[in-house]
Structure formats: structure tokens, C-alpha cells
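Q: First the structure, which I've put down as C-alpha cells, then a few questions once you've had a look.
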Amino acid sequence: MMWLDVNAHRKAFVSGLKAAARPNPKAQSYLGSPVPVLGVSVPHLRGFVAAFRRENRNLPVGDLNTLAAVLWKGASFEEKAVAVTLLDVYHKILDDNSWRLIHSWVDEATGWGLCDWIGLGPVAKIVYARPERFRDLVRWTKSTNPWRRRIAVYALHDFVFAGELDKPLELLERLLDDREFGVQRAVGTWLRECWKRDPRRTEGFLRANVRGLPKVVITVATERAPKAFREELRRRSGSTRIRTPPRKG
């Protein structure tokens with residue numbers, strides 16, 4: 001078996017990223033990144049990963065995890081983004097060690113940039129492919145780290161896009177009281193996506209949980225809804241909300 005030269009590939013990724021960098025002094029603040037942002041475009045970044053995959057189609061999962069772990073420890077946002085994207089594009093071979101690796105990254109994923117990249121990518125794919133992992137997302141909703149809670153919301157992507165709303169509504173209902181604006185906006189975003197798939201059910205969910213519903217949740221969740229419904233929710237929202245489980249079916 002040919003072992004992957006992890007250090008050589010890490011250096012190749014870093015070299016390519018630096019060559020494609022277009023620095024923007026506002027990028028790190030905008031993304032809320034805990035590390036410097038080189039300014040590499042998303043197409044360029046995904047292109048590097050795609051080229052690596054073409055050359056390593058039968059990559060053992062152990063080598064994948066090792067390379068991703070090394071890249072995550074890099075000095076730039078883009079190195080961490082490449083680590084996440086590698087796990088995303090090789091999602092069919094991910095194992096329990098991959099999940100433990102991602103779990104270790106989550107509390108370091110400060111800012112919406114890394115946070116949403118992780119949630120929409122490998123976490124969403126793992127949770128959809130292995131429904132038992134959904135219980136981990138439920139536990140994440142109780143985390144003191146708002147970024148972990150936000151990742152749990154964005155990880156609903158594959159369920160929502162498949163029109164399977166039972167699990168998304170179960171999880172979103174747990175975060176309707178969240179006090180962090182970033183989490184509130186994420187909840188609104190994914191309720192809006194639920195609305196696109198099943199307006200009637202999402203309308204019923206919002207009506208049942210309207211008491212105390214944050215304004216940003218109402219605004220974002222009802223972007224596709226009639227104006228009259230949005231105004232109704234705003235009138236009815238108050239400081240005390242009656243908790244109602246999401247309707248099944």
C-alpha cells in the first residue's frame with residue numbers, strides 16, 4: 001500500500017493557497033475568523049481540493065484524517081477550510097475517528113465562516129447518512145458555545161433539502177429561546193428553508209411556537225411567507241412562549 005506523504009501534501013496546499021491569495025484587510029473581521037485570512041476565493045480553494053481528490057481517489061480514511069488534522073492546525077483560515085472541505089468531498093469514507101476529529105474542531109470554529117463551512121459540509125453529510133448521530137446534534141443545542149449550537153442548526157441541511165422535516169423541526173424547536181443573535185438568525189434561515197419545502201407545516205410550527213419568538217427569527221423565517229402572516233406573528237410574539245412539540249407527518 002502506498003502511504004500518503006502528509007507533510008508534502010500539506011506544503012503543496014499551503015503553497016497553492018498563498019499563491020492564490022488576494023488579501024483583504026476586512027476579511028478576518030467579516031468572517032469572525034480566529035486566524036488570519038489569506039483571501040483565497042472559494043472556487044480556488046475547492047479547485048485545490050478537487051485536484052487532490054483526482055490524484056487520490058482511493059485514499060485510506062486514516063490518511064485523510066491525518067492530513068485534515070494537520071491542515072486544521074495551520075496558521076490561516078484557508079488551511080482550516082481545506083481541512084473541512086477534504087472531509088466533505090470524501091464524506092462516503094468517513095469513520096468514527098473522522099467524527100471525533102470534527103468534534104474537536106467545533107469549539108475552535110469561531111465566526112460564521114468556519115462554523116457554517118463545518119455545519120453545511122461534513123457534519124451535515126455524516127448526520128444524514130448515520131441518523132444515530134442526530135442525537136449528538138441535539139446535545140450540541142445545550143452547549144454553552146453558541147458556535148456549536150449554530151453548527152447544529154446548519155447541519156440540518158441534508159434533512160431539510162430532502163424534505164424530511166421531522167428532525168429539523170425537533171432540533172429547531174430546542175433553540176427558539178436562544179439568546180445569541182447568530183443562533184437566532186440561523187434558526188430563522190433554516191425555518192425559511194423548511195418553508196420552501198412545506199409551507200403549511202412550517203406555518204403551523206411558527207404559530208404553535210410564536211410566544212417569545214425573537215424578531216430576527218420571524219423576519220428571516222417568513223421571507224417567503226405572505227406579509228399578513230409575518231405581521232400576525234409579530235403581533236402575537238411576547239415574552240412568554242408556550243412550548244409545543246413539532247407536529248409529525
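Within each chain, counting starts at residue 1; across the C-alpha cells, chains are named A, B, ... in the order shown, with ligands numbered 1 upward in that order.
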Write down as number ranges by chain the residues belonging to region 20-186 of chain A that are assigned alpha helix (DSSP H) by DSSP computed on the backbone.
A: A: 20, 27-31, 42-55, 61-72, 77-89, 96-106, 112-118, 124-129, 134-140, 146-154, 157-161, 166-174, 181-186
Q: Name all residues at most 12 Å from Arg236 (chain A) (count only C-alpha atoms; drop same-chain ones fewer than 4 positions away) and give them as a PyMOL selection string.
A: chain A and resi 206-215+218+229-232+240-242
Q: What does the structure give for the distance between CA of Ser76 (chain A) and CA of Val37 (chain A), in Å to one decimal?
A: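 CA of Val37 (chain A) lies 5.7 Å from CA of Ser76 (chain A).
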Q: Point out the residue among A:Leu233, A:Gly62, A:Leu169, A:Glu223 with the least atom-to-atom distance to Trp3 (chain A), counting only C-alpha atoms.
A: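 Smallest distance to Trp3 (chain A) is found for A:Gly62.
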Q: List the spatial neighbours of Arg201 (chain A) as a ChimeraX atom specification - criterion: any atom at most 12 Å away, only C-alpha atoms, same-chain residues fewer than 2 positions off excluded.
A: /A:163-166,169,191-192,194-199,203-208,246-249
Q: With N, CA and C atoms kept, could you save the residues just selected as a short mmCIF file (atom, residue, chain, number, x, y, z; two decimals), in the first residue's frame?
A:
```cif
data_model
loop_
_atom_site.label_atom_id
_atom_site.label_comp_id
_atom_site.auth_asym_id
_atom_site.auth_seq_id
_atom_site.Cartn_x
_atom_site.Cartn_y
_atom_site.Cartn_z
N GLY A 163 -36.47 17.29 2.20
CA GLY A 163 -37.87 17.43 2.58
C GLY A 163 -38.26 16.62 3.80
N GLU A 164 -37.28 16.15 4.56
CA GLU A 164 -37.52 15.35 5.76
C GLU A 164 -37.45 16.28 6.97
N LEU A 165 -38.58 16.80 7.40
CA LEU A 165 -38.58 17.90 8.36
C LEU A 165 -38.76 17.49 9.82
N ASP A 166 -39.01 16.23 10.11
CA ASP A 166 -39.23 15.82 11.49
C ASP A 166 -38.04 16.19 12.38
N LEU A 169 -37.27 20.16 12.63
CA LEU A 169 -38.18 20.90 13.50
C LEU A 169 -38.00 20.52 14.96
N LEU A 191 -35.65 27.69 9.20
CA LEU A 191 -37.12 27.66 9.14
C LEU A 191 -37.59 28.17 7.77
N ARG A 192 -36.89 29.15 7.23
CA ARG A 192 -37.21 29.62 5.88
C ARG A 192 -37.02 28.50 4.86
N CYS A 194 -37.21 25.32 5.54
CA CYS A 194 -38.32 24.39 5.78
C CYS A 194 -39.59 24.87 5.09
N TRP A 195 -39.82 26.18 5.14
CA TRP A 195 -41.00 26.77 4.50
C TRP A 195 -41.01 26.46 3.00
N LYS A 196 -39.85 26.54 2.36
CA LYS A 196 -39.78 26.28 0.93
C LYS A 196 -40.23 24.85 0.60
N ARG A 197 -39.97 23.92 1.53
CA ARG A 197 -40.33 22.52 1.28
C ARG A 197 -41.75 22.20 1.72
N ASP A 198 -42.20 22.82 2.81
CA ASP A 198 -43.54 22.50 3.33
C ASP A 198 -44.09 23.73 4.04
N PRO A 199 -44.66 24.69 3.28
CA PRO A 199 -45.16 25.93 3.87
C PRO A 199 -46.22 25.70 4.94
N GLU A 203 -45.68 26.86 8.73
CA GLU A 203 -46.60 27.88 9.25
C GLU A 203 -47.20 27.41 10.57
N GLY A 204 -47.63 26.15 10.63
CA GLY A 204 -48.20 25.61 11.85
C GLY A 204 -47.18 25.60 12.99
N PHE A 205 -45.94 25.26 12.67
CA PHE A 205 -44.87 25.24 13.66
C PHE A 205 -44.65 26.64 14.23
N LEU A 206 -44.59 27.63 13.36
CA LEU A 206 -44.36 29.01 13.82
C LEU A 206 -45.52 29.51 14.66
N ARG A 207 -46.73 29.21 14.26
CA ARG A 207 -47.89 29.64 15.05
C ARG A 207 -47.89 28.98 16.44
N ALA A 208 -47.54 27.72 16.48
CA ALA A 208 -47.56 26.98 17.75
C ALA A 208 -46.47 27.47 18.70
N PRO A 246 -43.04 19.79 17.77
CA PRO A 246 -43.36 19.89 16.35
C PRO A 246 -44.30 18.79 15.92
N ARG A 247 -45.27 19.14 15.07
CA ARG A 247 -46.24 18.17 14.60
C ARG A 247 -45.59 17.14 13.69
N LYS A 248 -45.97 15.89 13.83
CA LYS A 248 -45.42 14.84 12.99
C LYS A 248 -46.23 14.69 11.71
N GLY A 249 -45.57 14.13 10.69
CA GLY A 249 -46.28 13.81 9.46
C GLY A 249 -46.40 14.96 8.51
#
```
Q: CA of Arg150 (chain A) and CA of Val187 (chain A), how far apart in Å?
A: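 CA of Arg150 (chain A) lies at a distance of 8.2 Å from CA of Val187 (chain A).
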Q: Taking 4 positions as the minimum chain separation for residues in the same chain, which residues sit within 10 Å of Leu17 (chain A) when counting only C-alpha atoms? Answer as JSON, numbers by chain.
A: {"A": [11, 12, 13, 21, 22, 38, 39, 40, 41, 44, 45, 48, 76, 78, 79, 82]}
Q: Between CA of Val216 (chain A) and CA of His103 (chain A), measure the distance and give it in Å to one decimal.
A: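 One can read the CA of Val216 (chain A) to CA of His103 (chain A) distance as 28.4 Å.
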Q: May I ask which of the residues A:Asp136, A:Glu193, A:Glu55, A:Asp63 is the closest one to Asp95 (chain A), counting only C-alpha atoms?
A: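 Closest candidate: A:Asp63.
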Q: Using only C-alpha atoms, find the one residue out of A:Ala129, A:Leu67, A:Leu176, A:Val42 that sits nearest to Ile93 (chain A).
A: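 Of A:Ala129, A:Leu67, A:Leu176, A:Val42, the one nearest Ile93 (chain A) is A:Ala129, counting only C-alpha atoms.
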Q: In terms of the shortest atom-to-atom distance over only C-alpha atoms, which of A:Phe52, A:Trp190, A:Tyr128, A:Trp112 is closest to Gly16 (chain A)?
A: A:Phe52
Q: Ranking A:Phe77, A:Trp117, A:Trp140, A:Tyr90 by minimum distance to Arg174 (chain A) and counting only C-alpha atoms, which one comes first?
A: A:Trp140
Q: Between A:Val217, A:Leu171, A:Val138, A:Leu64, which residue has the minimum interatomic distance to Asp5 (chain A), considering only C-alpha atoms?
A: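 Among the listed residues, the smallest separation from Asp5 (chain A) belongs to A:Leu64.
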Q: What's the 10 Å shell around Leu120 (chain A), counting only C-alpha atoms, without same-chain residues fewer than 6 positions away, as a PyMOL selection string?
A: chain A and resi 88+151-158
